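For reference, target_4.cif is printed below; it contains mmCIF, C-alpha atoms and all ligand atoms.
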data_run
loop_
_atom_site.group_PDB
_atom_site.id
_atom_site.type_symbol
_atom_site.label_atom_id
_atom_site.label_comp_id
_atom_site.auth_asym_id
_atom_site.auth_seq_id
_atom_site.Cartn_x
_atom_site.Cartn_y
_atom_site.Cartn_z
ATOM 1 C CA MET Y 175 22.228 119.303 -111.950
ATOM 2 C CA ILE Y 176 22.999 116.537 -114.402
ATOM 3 C CA ASP Y 177 24.362 113.094 -113.558
ATOM 4 C CA GLY Y 178 27.325 111.779 -115.484
ATOM 5 C CA ILE Y 179 30.332 109.497 -115.461
ATOM 6 C CA ILE Y 180 33.892 110.654 -116.147
ATOM 7 C CA LEU Y 181 35.272 108.944 -119.261
ATOM 8 C CA LYS Y 182 38.720 110.510 -119.132
ATOM 9 C CA GLY Y 183 40.687 113.444 -117.797
ATOM 10 C CA PHE Y 184 43.057 115.391 -119.962
ATOM 11 C CA SER Y 185 44.992 118.640 -119.332
ATOM 12 C CA GLY Y 186 42.704 119.808 -116.566
ATOM 13 C CA PHE Y 187 39.493 118.933 -118.409
ATOM 14 C CA TYR Y 188 37.224 115.998 -117.753
ATOM 15 C CA TYR Y 189 35.078 114.384 -120.403
ATOM 16 C CA VAL Y 190 31.795 113.398 -118.806
ATOM 17 C CA ARG Y 191 29.141 111.224 -120.393
ATOM 18 C CA THR Y 192 25.553 112.198 -119.624
ATOM 19 C CA GLN Y 193 22.223 110.667 -120.616
ATOM 20 C CA ALA Y 194 20.570 113.699 -122.157
ATOM 21 C CA HIS Y 195 23.505 115.767 -123.357
ATOM 22 C CA GLY Y 196 26.026 113.224 -124.594
ATOM 23 C CA GLU Y 197 29.679 113.891 -123.862
ATOM 24 C CA VAL Y 198 30.366 117.174 -122.091
ATOM 25 C CA GLU Y 199 33.789 118.774 -121.595
ATOM 26 C CA CYS Y 200 33.988 119.857 -117.959
ATOM 27 C CA SER Y 201 36.256 121.941 -115.811
ATOM 28 C CA LEU Y 202 36.435 121.703 -112.028
ATOM 29 C CA ARG Y 203 35.085 124.059 -109.406
ATOM 30 C CA GLY Y 204 38.080 125.788 -107.824
ATOM 31 C CA ARG Y 205 37.281 124.445 -104.376
ATOM 32 C CA PHE Y 206 38.000 120.890 -105.561
ATOM 33 C CA ARG Y 207 41.581 121.898 -106.285
ATOM 34 C CA GLN Y 208 41.933 123.353 -102.803
ATOM 35 C CA GLU Y 209 40.471 120.199 -101.293
ATOM 36 C CA ARG Y 210 42.952 118.178 -103.364
ATOM 37 C CA LEU Y 211 40.189 115.831 -104.469
ATOM 38 C CA THR Y 212 41.210 113.559 -107.297
ATOM 39 C CA PHE Y 213 38.856 112.711 -110.106
ATOM 40 C CA LEU Y 214 39.255 109.414 -111.906
ATOM 41 C CA PRO Y 215 37.803 107.853 -115.020
ATOM 42 C CA GLY Y 216 34.762 105.940 -113.777
ATOM 43 C CA ASP Y 217 33.812 108.544 -111.170
ATOM 44 C CA TYR Y 218 30.144 109.437 -110.942
ATOM 45 C CA VAL Y 219 29.706 113.194 -110.825
ATOM 46 C CA LYS Y 220 27.048 115.902 -110.952
ATOM 47 C CA ILE Y 221 27.655 118.663 -113.437
ATOM 48 C CA SER Y 222 26.093 121.935 -114.532
ATOM 49 C CA LEU Y 223 26.139 123.045 -118.153
ATOM 50 C CA THR Y 224 27.676 126.328 -119.291
ATOM 51 C CA ASN Y 225 26.573 125.609 -122.863
ATOM 52 C CA GLU Y 226 25.446 122.583 -124.881
ATOM 53 C CA ARG Y 227 28.910 120.970 -124.976
ATOM 54 C CA GLN Y 228 30.689 122.353 -121.916
ATOM 55 C CA GLY Y 229 30.105 122.309 -118.208
ATOM 56 C CA VAL Y 230 31.480 122.306 -114.679
ATOM 57 C CA ILE Y 231 31.819 119.395 -112.259
ATOM 58 C CA GLU Y 232 29.903 120.357 -109.128
ATOM 59 C CA GLU Y 233 29.939 117.201 -107.070
ATOM 60 C CA LEU Y 234 31.789 113.898 -106.768
ATOM 61 C CA LEU Y 235 29.656 110.931 -105.704
ATOM 62 C CA PRO Y 236 31.052 108.257 -103.381
ATOM 63 C CA ARG Y 237 33.155 105.538 -105.037
ATOM 64 C CA GLU Y 238 32.193 101.895 -104.940
ATOM 65 C CA THR Y 239 35.710 100.793 -105.788
ATOM 66 C CA GLU Y 240 38.968 102.599 -106.378
ATOM 67 C CA LEU Y 241 42.079 101.163 -107.986
ATOM 68 C CA LEU Y 242 45.387 102.974 -107.800
ATOM 69 C CA ARG Y 243 47.066 100.893 -110.485
ATOM 70 C CA PRO Y 244 45.691 101.631 -113.007
ATOM 71 C CA PRO Y 245 43.895 104.636 -111.511
ATOM 72 C CA VAL Y 246 40.198 104.094 -112.152
ATOM 73 C CA ALA Y 247 37.005 104.280 -110.072
ATOM 74 C CA ASN Y 248 33.927 102.093 -109.768
ATOM 75 C CA VAL Y 249 35.105 99.147 -111.864
ATOM 76 C CA ASP Y 250 33.817 95.793 -110.633
ATOM 77 C CA GLN Y 251 36.168 93.701 -112.724
ATOM 78 C CA ALA Y 252 39.783 93.871 -113.864
ATOM 79 C CA ILE Y 253 40.850 92.028 -117.006
ATOM 80 C CA LEU Y 254 44.540 91.315 -116.406
ATOM 81 C CA VAL Y 255 46.034 91.025 -119.861
ATOM 82 C CA LEU Y 256 49.343 89.285 -120.460
ATOM 83 C CA ALA Y 257 50.855 88.050 -123.701
ATOM 84 C CA LEU Y 258 51.908 84.398 -123.780
ATOM 85 C CA ALA Y 259 54.869 85.601 -125.852
ATOM 86 C CA ASP Y 260 56.269 88.854 -127.151
ATOM 87 C CA PRO Y 261 56.596 90.247 -124.530
ATOM 88 C CA PRO Y 262 57.061 87.047 -122.481
ATOM 89 C CA PRO Y 263 54.510 86.691 -119.664
ATOM 90 C CA ASP Y 264 55.573 88.518 -116.506
ATOM 91 C CA LEU Y 265 54.138 86.215 -113.828
ATOM 92 C CA VAL Y 266 55.636 88.270 -111.002
ATOM 93 C CA LEU Y 267 53.578 91.228 -112.179
ATOM 94 C CA LEU Y 268 50.495 89.029 -112.624
ATOM 95 C CA ASP Y 269 50.816 87.633 -109.092
ATOM 96 C CA ARG Y 270 51.347 91.133 -107.741
ATOM 97 C CA LEU Y 271 48.177 92.302 -109.478
ATOM 98 C CA LEU Y 272 46.232 89.312 -108.173
ATOM 99 C CA VAL Y 273 47.458 89.963 -104.623
ATOM 100 C CA TYR Y 274 46.481 93.606 -105.002
ATOM 101 C CA LEU Y 275 42.975 92.745 -106.254
ATOM 102 C CA GLU Y 276 42.410 90.064 -103.582
ATOM 103 C CA GLN Y 277 42.078 92.802 -100.990
ATOM 104 C CA THR Y 278 39.623 94.879 -103.051
ATOM 105 C CA PRO Y 279 36.070 94.025 -104.173
ATOM 106 C CA VAL Y 280 37.243 94.080 -107.823
ATOM 107 C CA MET Y 281 37.097 90.619 -109.443
ATOM 108 C CA PRO Y 282 40.075 89.542 -111.536
ATOM 109 C CA VAL Y 283 39.818 87.833 -114.920
ATOM 110 C CA ILE Y 284 43.094 86.721 -116.468
ATOM 111 C CA CYS Y 285 43.392 87.123 -120.227
ATOM 112 C CA PHE Y 286 46.336 85.402 -121.902
ATOM 113 C CA ASN Y 287 46.652 86.954 -125.347
ATOM 114 C CA LYS Y 288 48.833 86.237 -128.416
ATOM 115 C CA ARG Y 289 47.982 82.563 -128.286
ATOM 116 C CA ASP Y 290 48.915 82.369 -131.993
ATOM 117 C CA ILE Y 291 52.632 82.913 -131.330
ATOM 118 C CA ALA Y 292 52.938 80.890 -128.098
ATOM 119 C CA GLY Y 293 54.384 77.386 -127.858
ATOM 120 C CA ASP Y 294 51.644 74.931 -126.899
ATOM 121 C CA SER Y 295 53.305 73.240 -123.938
ATOM 122 C CA GLU Y 296 54.547 76.448 -122.350
ATOM 123 C CA ALA Y 297 51.145 78.072 -122.774
ATOM 124 C CA GLU Y 298 49.389 75.105 -121.215
ATOM 125 C CA GLU Y 299 51.718 75.100 -118.257
ATOM 126 C CA ILE Y 300 51.153 78.765 -117.486
ATOM 127 C CA ILE Y 301 47.411 78.564 -118.003
ATOM 128 C CA GLY Y 302 47.262 75.459 -115.784
ATOM 129 C CA ILE Y 303 48.769 77.312 -112.834
ATOM 130 C CA TYR Y 304 45.951 79.840 -112.712
ATOM 131 C CA LYS Y 305 43.131 77.550 -113.779
ATOM 132 C CA ASP Y 306 43.910 75.183 -110.883
ATOM 133 C CA ILE Y 307 43.606 78.022 -108.384
ATOM 134 C CA GLY Y 308 40.170 78.798 -109.796
ATOM 135 C CA TYR Y 309 40.792 82.184 -111.357
ATOM 136 C CA ASP Y 310 38.593 83.108 -114.307
ATOM 137 C CA LEU Y 311 40.636 82.890 -117.433
ATOM 138 C CA VAL Y 312 40.353 83.539 -121.164
ATOM 139 C CA LEU Y 313 42.736 82.693 -123.922
ATOM 140 C CA THR Y 314 42.719 85.040 -126.904
ATOM 141 C CA SER Y 315 44.409 85.831 -130.151
ATOM 142 C CA VAL Y 316 43.866 89.069 -131.986
ATOM 143 C CA LYS Y 317 45.529 87.538 -135.036
ATOM 144 C CA THR Y 318 43.261 84.494 -135.329
ATOM 145 C CA LYS Y 319 40.277 86.161 -133.598
ATOM 146 C CA THR Y 320 39.872 83.446 -130.983
ATOM 147 C CA GLY Y 321 38.499 83.766 -127.466
ATOM 148 C CA PHE Y 322 36.326 86.782 -128.157
ATOM 149 C CA ASP Y 323 32.982 85.156 -127.296
ATOM 150 C CA GLU Y 324 34.313 84.314 -123.833
ATOM 151 C CA LEU Y 325 35.798 87.768 -123.421
ATOM 152 C CA LYS Y 326 32.486 89.320 -124.418
ATOM 153 C CA ASN Y 327 30.660 87.203 -121.823
ATOM 154 C CA PHE Y 328 32.906 88.537 -119.086
ATOM 155 C CA LEU Y 329 32.445 92.145 -120.167
ATOM 156 C CA GLN Y 330 28.680 92.223 -120.629
ATOM 157 C CA ASN Y 331 26.952 94.548 -118.128
ATOM 158 C CA HIS Y 332 30.118 95.135 -116.127
ATOM 159 C CA ILE Y 333 32.436 98.056 -115.615
ATOM 160 C CA SER Y 334 35.836 96.611 -116.366
ATOM 161 C CA VAL Y 335 39.382 97.808 -116.688
ATOM 162 C CA PHE Y 336 42.027 96.268 -118.948
ATOM 163 C CA ALA Y 337 45.327 96.233 -117.071
ATOM 164 C CA GLY Y 338 48.759 94.836 -117.845
ATOM 165 C CA PRO Y 339 52.172 95.536 -119.316
ATOM 166 C CA SER Y 340 52.750 97.573 -122.458
ATOM 167 C CA GLY Y 341 52.581 95.697 -125.766
ATOM 168 C CA VAL Y 342 50.425 92.759 -124.614
ATOM 169 C CA GLY Y 343 47.498 93.775 -126.824
ATOM 170 C CA LYS Y 344 45.009 95.546 -124.541
ATOM 171 C CA SER Y 345 44.019 98.134 -127.140
ATOM 172 C CA SER Y 346 44.139 95.563 -129.962
ATOM 173 C CA LEU Y 347 41.664 93.320 -128.108
ATOM 174 C CA LEU Y 348 39.294 96.238 -127.562
ATOM 175 C CA ASN Y 349 39.488 97.146 -131.254
ATOM 176 C CA VAL Y 350 38.351 93.628 -132.161
ATOM 177 C CA LEU Y 351 35.450 93.830 -129.697
ATOM 178 C CA GLU Y 352 34.419 97.200 -131.143
ATOM 179 C CA PRO Y 353 36.171 98.323 -134.331
ATOM 180 C CA GLY Y 354 34.562 101.748 -133.882
ATOM 181 C CA PHE Y 355 36.916 102.433 -130.942
ATOM 182 C CA LYS Y 356 39.846 102.897 -133.370
ATOM 183 C CA LEU Y 357 42.330 102.783 -130.483
ATOM 184 C CA GLU Y 358 45.950 103.370 -131.366
ATOM 185 C CA THR Y 359 48.134 100.263 -131.134
ATOM 186 C CA GLY Y 360 51.903 99.989 -131.269
ATOM 187 C CA SER Y 361 54.492 97.421 -132.173
ATOM 188 C CA VAL Y 362 56.744 95.593 -129.738
ATOM 189 C CA SER Y 363 60.313 96.826 -130.003
ATOM 190 C CA ASP Y 364 62.687 94.359 -131.663
ATOM 191 C CA LYS Y 365 65.554 94.593 -129.234
ATOM 192 C CA ALA Y 366 64.068 94.465 -125.769
ATOM 193 C CA ARG Y 367 60.768 92.764 -126.741
ATOM 194 C CA ARG Y 368 58.999 95.417 -124.798
ATOM 195 C CA GLY Y 369 55.929 97.478 -125.577
ATOM 196 C CA LYS Y 370 56.249 101.115 -126.540
ATOM 197 C CA HIS Y 371 53.662 102.596 -124.188
ATOM 198 C CA THR Y 372 51.303 103.464 -126.996
ATOM 199 C CA THR Y 373 48.222 104.158 -124.847
ATOM 200 C CA ARG Y 374 48.943 107.275 -122.823
ATOM 201 C CA HIS Y 375 45.737 107.903 -120.872
ATOM 202 C CA THR Y 376 43.089 105.831 -119.182
ATOM 203 C CA LYS Y 377 39.831 106.107 -121.047
ATOM 204 C CA LEU Y 378 36.427 104.613 -120.312
ATOM 205 C CA LEU Y 379 34.571 103.259 -123.350
ATOM 206 C CA SER Y 380 30.926 102.200 -123.679
ATOM 207 C CA LEU Y 381 30.600 98.497 -124.437
ATOM 208 C CA TYR Y 382 27.881 95.821 -124.154
ATOM 209 C CA GLY Y 383 25.676 97.697 -121.718
ATOM 210 C CA GLY Y 384 28.621 98.561 -119.473
ATOM 211 C CA TYR Y 385 31.978 100.239 -119.708
ATOM 212 C CA VAL Y 386 35.506 99.140 -120.258
ATOM 213 C CA ALA Y 387 38.643 101.179 -119.566
ATOM 214 C CA ASP Y 388 41.698 100.993 -121.803
ATOM 215 C CA THR Y 389 44.784 101.970 -119.808
ATOM 216 C CA PRO Y 390 48.495 102.603 -120.359
ATOM 217 C CA GLY Y 391 50.703 99.553 -119.820
ATOM 218 C CA PHE Y 392 52.829 99.342 -116.672
ATOM 219 C CA SER Y 393 55.375 96.925 -115.279
ATOM 220 C CA ARG Y 394 55.562 97.896 -111.622
ATOM 221 C CA ILE Y 395 53.003 97.868 -108.837
ATOM 222 C CA GLU Y 396 53.516 98.134 -105.081
ATOM 223 C CA LEU Y 397 52.335 95.353 -102.835
ATOM 224 C CA PRO Y 398 49.302 96.264 -100.749
ATOM 225 C CA ASN Y 399 49.871 97.388 -97.195
ATOM 226 C CA VAL Y 400 49.531 94.015 -95.474
ATOM 227 C CA SER Y 401 51.600 92.352 -92.777
ATOM 228 C CA ARG Y 402 53.714 89.224 -93.338
ATOM 229 C CA GLU Y 403 51.065 87.160 -91.548
ATOM 230 C CA GLU Y 404 48.331 88.504 -93.823
ATOM 231 C CA LEU Y 405 50.140 87.838 -97.110
ATOM 232 C CA SER Y 406 49.193 84.162 -97.487
ATOM 233 C CA PHE Y 407 45.511 85.104 -97.183
ATOM 234 C CA LEU Y 408 45.927 86.830 -100.565
ATOM 235 C CA PHE Y 409 46.975 83.511 -102.129
ATOM 236 C CA PRO Y 410 43.648 81.631 -102.367
ATOM 237 C CA GLU Y 411 45.323 78.274 -103.130
ATOM 238 C CA MET Y 412 46.801 78.329 -99.598
ATOM 239 C CA ASP Y 413 43.343 78.571 -98.008
ATOM 240 C CA GLY Y 414 42.787 74.835 -97.714
ATOM 241 C CA TYR Y 415 46.129 74.197 -95.994
ATOM 242 C CA ARG Y 416 46.957 77.111 -93.714
ATOM 243 C CA GLN Y 417 44.933 75.819 -90.775
ATOM 244 C CA ASP Y 418 46.897 72.542 -90.773
ATOM 245 C CA CYS Y 419 50.301 74.159 -90.234
ATOM 246 C CA ARG Y 420 51.879 73.272 -86.888
ATOM 247 C CA PHE Y 421 52.210 76.910 -85.824
ATOM 248 C CA ASN Y 422 49.331 79.282 -86.218
ATOM 249 C CA THR Y 423 51.863 82.066 -86.851
ATOM 250 C CA CYS Y 424 53.377 80.016 -89.704
ATOM 251 C CA LEU Y 425 54.681 82.116 -92.602
ATOM 252 C CA HIS Y 426 55.097 78.963 -94.716
ATOM 253 C CA TYR Y 427 58.765 79.646 -95.141
ATOM 254 C CA LYS Y 428 61.206 77.870 -92.832
ATOM 255 C CA GLU Y 429 58.806 76.586 -90.211
ATOM 256 C CA PRO Y 430 58.609 72.826 -89.586
ATOM 257 C CA GLN Y 431 55.418 70.862 -90.314
ATOM 258 C CA CYS Y 432 54.038 73.478 -92.671
ATOM 259 C CA ALA Y 433 51.003 72.194 -94.567
ATOM 260 C CA VAL Y 434 51.508 74.749 -97.326
ATOM 261 C CA LYS Y 435 55.031 73.494 -98.017
ATOM 262 C CA GLN Y 436 53.778 69.908 -97.929
ATOM 263 C CA ALA Y 437 51.177 70.839 -100.546
ATOM 264 C CA LEU Y 438 53.950 72.442 -102.590
ATOM 265 C CA GLU Y 439 55.994 69.242 -102.449
ATOM 266 C CA ARG Y 440 53.020 67.196 -103.598
ATOM 267 C CA GLY Y 441 52.547 69.612 -106.482
ATOM 268 C CA ALA Y 442 49.186 70.881 -105.192
ATOM 269 C CA ILE Y 443 50.575 74.417 -105.038
ATOM 270 C CA SER Y 444 52.531 75.756 -108.001
ATOM 271 C CA GLN Y 445 56.283 76.357 -107.679
ATOM 272 C CA SER Y 446 56.018 79.619 -109.546
ATOM 273 C CA ARG Y 447 53.288 80.982 -107.273
ATOM 274 C CA TYR Y 448 55.144 79.865 -104.135
ATOM 275 C CA LYS Y 449 58.351 81.470 -105.386
ATOM 276 C CA ASN Y 450 56.503 84.731 -105.848
ATOM 277 C CA TYR Y 451 54.910 84.329 -102.416
ATOM 278 C CA LEU Y 452 58.410 84.147 -100.879
ATOM 279 C CA ARG Y 453 59.543 87.081 -102.946
ATOM 280 C CA PHE Y 454 56.623 89.202 -101.703
ATOM 281 C CA LEU Y 455 57.189 87.974 -98.142
ATOM 282 C CA GLU Y 456 60.756 89.209 -98.345
ATOM 283 C CA GLU Y 457 59.615 92.548 -99.680
ATOM 284 C CA ILE Y 458 57.119 92.981 -96.865
ATOM 285 C CA THR Y 459 59.752 91.973 -94.314
ATOM 286 C CA ALA Y 460 62.112 94.614 -95.682
ATOM 287 C CA ARG Y 461 59.327 97.171 -95.605
ATOM 288 C CA GLU Y 462 58.439 96.356 -92.001
ATOM 289 C CA ARG Y 463 62.104 96.688 -91.024
ATOM 290 C CA SER Y 464 62.389 100.134 -92.570
ATOM 291 C CA TYR Y 465 59.528 101.541 -90.464
HETATM 292 N N1 LIG J 501 50.735 87.942 -132.907
HETATM 293 C C1 LIG J 501 49.895 88.693 -132.189
HETATM 294 N N2 LIG J 501 50.145 90.011 -132.046
HETATM 295 C C2 LIG J 501 49.278 90.752 -131.306
HETATM 296 C C3 LIG J 501 48.140 90.188 -130.702
HETATM 297 N N3 LIG J 501 47.494 91.153 -130.021
HETATM 298 C C4 LIG J 501 48.186 92.285 -130.212
HETATM 299 N N4 LIG J 501 49.269 92.060 -130.994
HETATM 300 C C5 LIG J 501 50.274 93.047 -131.408
HETATM 301 O O1 LIG J 501 50.957 93.496 -130.242
HETATM 302 C C6 LIG J 501 51.368 94.862 -130.403
HETATM 303 C C7 LIG J 501 50.939 95.687 -129.198
HETATM 304 O O2 LIG J 501 49.528 95.784 -129.158
HETATM 305 P P1 LIG J 501 48.762 96.958 -128.380
HETATM 306 O O3 LIG J 501 47.303 96.673 -128.518
HETATM 307 O O4 LIG J 501 49.240 98.293 -128.791
HETATM 308 O O5 LIG J 501 49.254 96.673 -126.878
HETATM 309 P P2 LIG J 501 48.789 97.442 -125.534
HETATM 310 O O6 LIG J 501 48.681 96.413 -124.486
HETATM 311 O O7 LIG J 501 47.598 98.277 -125.793
HETATM 312 O O8 LIG J 501 50.087 98.345 -125.232
HETATM 313 P P3 LIG J 501 50.184 99.788 -124.474
HETATM 314 O O9 LIG J 501 49.120 100.681 -125.010
HETATM 315 O O10 LIG J 501 51.561 100.257 -124.793
HETATM 316 O O11 LIG J 501 50.012 99.505 -123.012
HETATM 317 C C8 LIG J 501 50.743 95.329 -131.719
HETATM 318 O O12 LIG J 501 51.736 95.259 -132.711
HETATM 319 C C9 LIG J 501 49.666 94.303 -131.994
HETATM 320 O O13 LIG J 501 49.398 94.128 -133.372
HETATM 321 C C10 LIG J 501 47.906 88.776 -130.871
HETATM 322 O O14 LIG J 501 46.951 88.175 -130.378
HETATM 323 N N5 LIG J 501 48.824 88.099 -131.625
HETATM 324 MG MG MG J 502 47.230 100.300 -125.590
HETATM 325 ZN ZN ZN J 503 52.745 76.955 -93.047
#
As a first step, turn the structure in this file into structure tokens.
Amino acid sequence: MIDGIILKGFSGFYYVRTQAHGEVECSLRGRFRQERLTFLPGDYVKISLTNERQGVIEELLPRETELLRPPVANVDQAILVLALADPPPDLVLLDRLLVYLEQTPVMPVICFNKRDIAGDSEAEEIIGIYKDIGYDLVLTSVKTKTGFDELKNFLQNHISVFAGPSGVGKSSLLNVLEPGFKLETGSVSDKARRGKHTTRHTKLLSLYGGYVADTPGFSRIELPNVSREELSFLFPEMDGYRQDCRFNTCLHYKEPQCAVKQALERGAISQSRYKNYLRFLEEITARERSY
């Protein structure tokens, strides 16, 4: 059998990259359908060939990582792409994605794109929030071709996924990194300033000794299945304070002598992050009540 990696799935076929035979179009053994196994871009598989270009997936190898949003296997890094303008940056979505990744082994890198059309002070403020927490960050513009050396450094020898809303420039960035990709890009609609969901399928591409997945944009993601008490552990900037709260069950909401809220008042924790923390806390509370 031949080892390969799934690049993409489409209409019941999987396109598998192999060392010796290039890209092979594969179908699934019937038993996989009965077992309801899912196959994702990034999955390592063993295939048999039916001819030079076509084959059958015989075996799915264990996953090192698995993301549900976007659905992709074995990535070690997620490049979270937001536009600084057009569409305006959705920091609730970004914080949701960060919370989601905090409880996986996948490392986040935040990429703020469209620097060329962003106001300087607003951009700096947003970037500052995430830089202070210690998240890896790159600032790019497809228009003026800035930030691409940094982006390249992050991608080299990794398996990464580009994730974020529609219209932020995920495919455009990848086209600058490798013009040969020729990925389709779309405009941002004039009325709603929203992307048009140009990329329709997740696809793994070979780049710099690793892989990178282009994915369809999305604007919603569920919070991970954590309890209210666990939520603050997914906000790394709260790590230095949590142990100083008066109550060890502190949710950093209405409790007295809360070190997290004191840090917020001093400006050591960002208002925008704390607001989203409370928003997620409320969501988890509602979810726990509905059980
Ligand atoms: N001004 C400016 N426009 C950009 C930049 N990057 C991308 N765009 C434009 O933004 C629009 C959307 O870009 P895409 O690359 O299709 O966005 P996407 O994130 O792949 O969107 P989906 O595939 O729908 O998820 C296109 O019109 C791009 O030309 C940038 O840095 N500056
Ligand atoms: Mg796209
Ligand atoms: Zn507290």
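Taking atom CA of Ser340 of chain Y and atom CA of Asn287 of chain Y as endpoints, the distance between them is 12.6 Å.
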Residues matched by the PyMOL selection byres (((not hetatm)) within 7 of (chain J and resi 503)), written as a ChimeraX atom specification: /Y:416,419,424-427,429,432-435
Emit the selected residues as a PDB file, keeping the file's coordinate frame, including C-alpha atoms.
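out17.pdb, freshly written:
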ATOM      1  CA  ARG Y 416      46.957  77.111 -93.714  1.00  0.00           C
ATOM      2  CA  CYS Y 419      50.301  74.159 -90.234  1.00  0.00           C
ATOM      3  CA  CYS Y 424      53.377  80.016 -89.704  1.00  0.00           C
ATOM      4  CA  LEU Y 425      54.681  82.116 -92.602  1.00  0.00           C
ATOM      5  CA  HIS Y 426      55.097  78.963 -94.716  1.00  0.00           C
ATOM      6  CA  TYR Y 427      58.765  79.646 -95.141  1.00  0.00           C
ATOM      7  CA  GLU Y 429      58.806  76.586 -90.211  1.00  0.00           C
ATOM      8  CA  CYS Y 432      54.038  73.478 -92.671  1.00  0.00           C
ATOM      9  CA  ALA Y 433      51.003  72.194 -94.567  1.00  0.00           C
ATOM     10  CA  VAL Y 434      51.508  74.749 -97.326  1.00  0.00           C
ATOM     11  CA  LYS Y 435      55.031  73.494 -98.017  1.00  0.00           C
TER      12      LYS Y 435
END
Explicit residue set for the PyMOL selection byres (((not hetatm)) within 8 of (chain J and resi 502)), as number ranges by chain: Y: 340-341, 343-346, 357-360, 371-374, 388-391
Selection result for the PyMOL selection byres (((chain Y and resi 255) around 7) and not hetatm) on this file, as a ChimeraX atom specification: /Y:253-254,256-257,284-287,336-338,342,344
Do a neighbour search on Leu271 of chain Y at 12 Å with only C-alpha atoms, toss out local chain neighbours closer than 3 positions, and write the hits as a PDB file with C-alpha atoms, in the frame of the given file.
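part-v8.pdb, freshly written:
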ATOM      1  CA  LEU Y 241      42.079 101.163-107.986  1.00  0.00           C
ATOM      2  CA  LEU Y 242      45.387 102.974-107.800  1.00  0.00           C
ATOM      3  CA  ARG Y 243      47.066 100.893-110.485  1.00  0.00           C
ATOM      4  CA  PRO Y 244      45.691 101.631-113.007  1.00  0.00           C
ATOM      5  CA  ALA Y 252      39.783  93.871-113.864  1.00  0.00           C
ATOM      6  CA  ILE Y 253      40.850  92.028-117.006  1.00  0.00           C
ATOM      7  CA  LEU Y 254      44.540  91.315-116.406  1.00  0.00           C
ATOM      8  CA  VAL Y 255      46.034  91.025-119.861  1.00  0.00           C
ATOM      9  CA  LEU Y 256      49.343  89.285-120.460  1.00  0.00           C
ATOM     10  CA  ASP Y 264      55.573  88.518-116.506  1.00  0.00           C
ATOM     11  CA  LEU Y 265      54.138  86.215-113.828  1.00  0.00           C
ATOM     12  CA  VAL Y 266      55.636  88.270-111.002  1.00  0.00           C
ATOM     13  CA  LEU Y 267      53.578  91.228-112.179  1.00  0.00           C
ATOM     14  CA  LEU Y 268      50.495  89.029-112.624  1.00  0.00           C
ATOM     15  CA  TYR Y 274      46.481  93.606-105.002  1.00  0.00           C
ATOM     16  CA  LEU Y 275      42.975  92.745-106.254  1.00  0.00           C
ATOM     17  CA  GLU Y 276      42.410  90.064-103.582  1.00  0.00           C
ATOM     18  CA  GLN Y 277      42.078  92.802-100.990  1.00  0.00           C
ATOM     19  CA  THR Y 278      39.623  94.879-103.051  1.00  0.00           C
ATOM     20  CA  VAL Y 280      37.243  94.080-107.823  1.00  0.00           C
ATOM     21  CA  MET Y 281      37.097  90.619-109.443  1.00  0.00           C
ATOM     22  CA  PRO Y 282      40.075  89.542-111.536  1.00  0.00           C
ATOM     23  CA  VAL Y 283      39.818  87.833-114.920  1.00  0.00           C
ATOM     24  CA  ILE Y 284      43.094  86.721-116.468  1.00  0.00           C
ATOM     25  CA  PHE Y 336      42.027  96.268-118.948  1.00  0.00           C
ATOM     26  CA  ALA Y 337      45.327  96.233-117.071  1.00  0.00           C
ATOM     27  CA  GLY Y 338      48.759  94.836-117.845  1.00  0.00           C
ATOM     28  CA  PRO Y 339      52.172  95.536-119.316  1.00  0.00           C
ATOM     29  CA  PHE Y 392      52.829  99.342-116.672  1.00  0.00           C
ATOM     30  CA  SER Y 393      55.375  96.925-115.279  1.00  0.00           C
ATOM     31  CA  ARG Y 394      55.562  97.896-111.622  1.00  0.00           C
ATOM     32  CA  ILE Y 395      53.003  97.868-108.837  1.00  0.00           C
ATOM     33  CA  GLU Y 396      53.516  98.134-105.081  1.00  0.00           C
ATOM     34  CA  LEU Y 397      52.335  95.353-102.835  1.00  0.00           C
ATOM     35  CA  PRO Y 398      49.302  96.264-100.749  1.00  0.00           C
ATOM     36  CA  LEU Y 408      45.927  86.830-100.565  1.00  0.00           C
ATOM     37  CA  PHE Y 409      46.975  83.511-102.129  1.00  0.00           C
ATOM     38  CA  ASN Y 450      56.503  84.731-105.848  1.00  0.00           C
ATOM     39  CA  PHE Y 454      56.623  89.202-101.703  1.00  0.00           C
TER      40      PHE Y 454
END
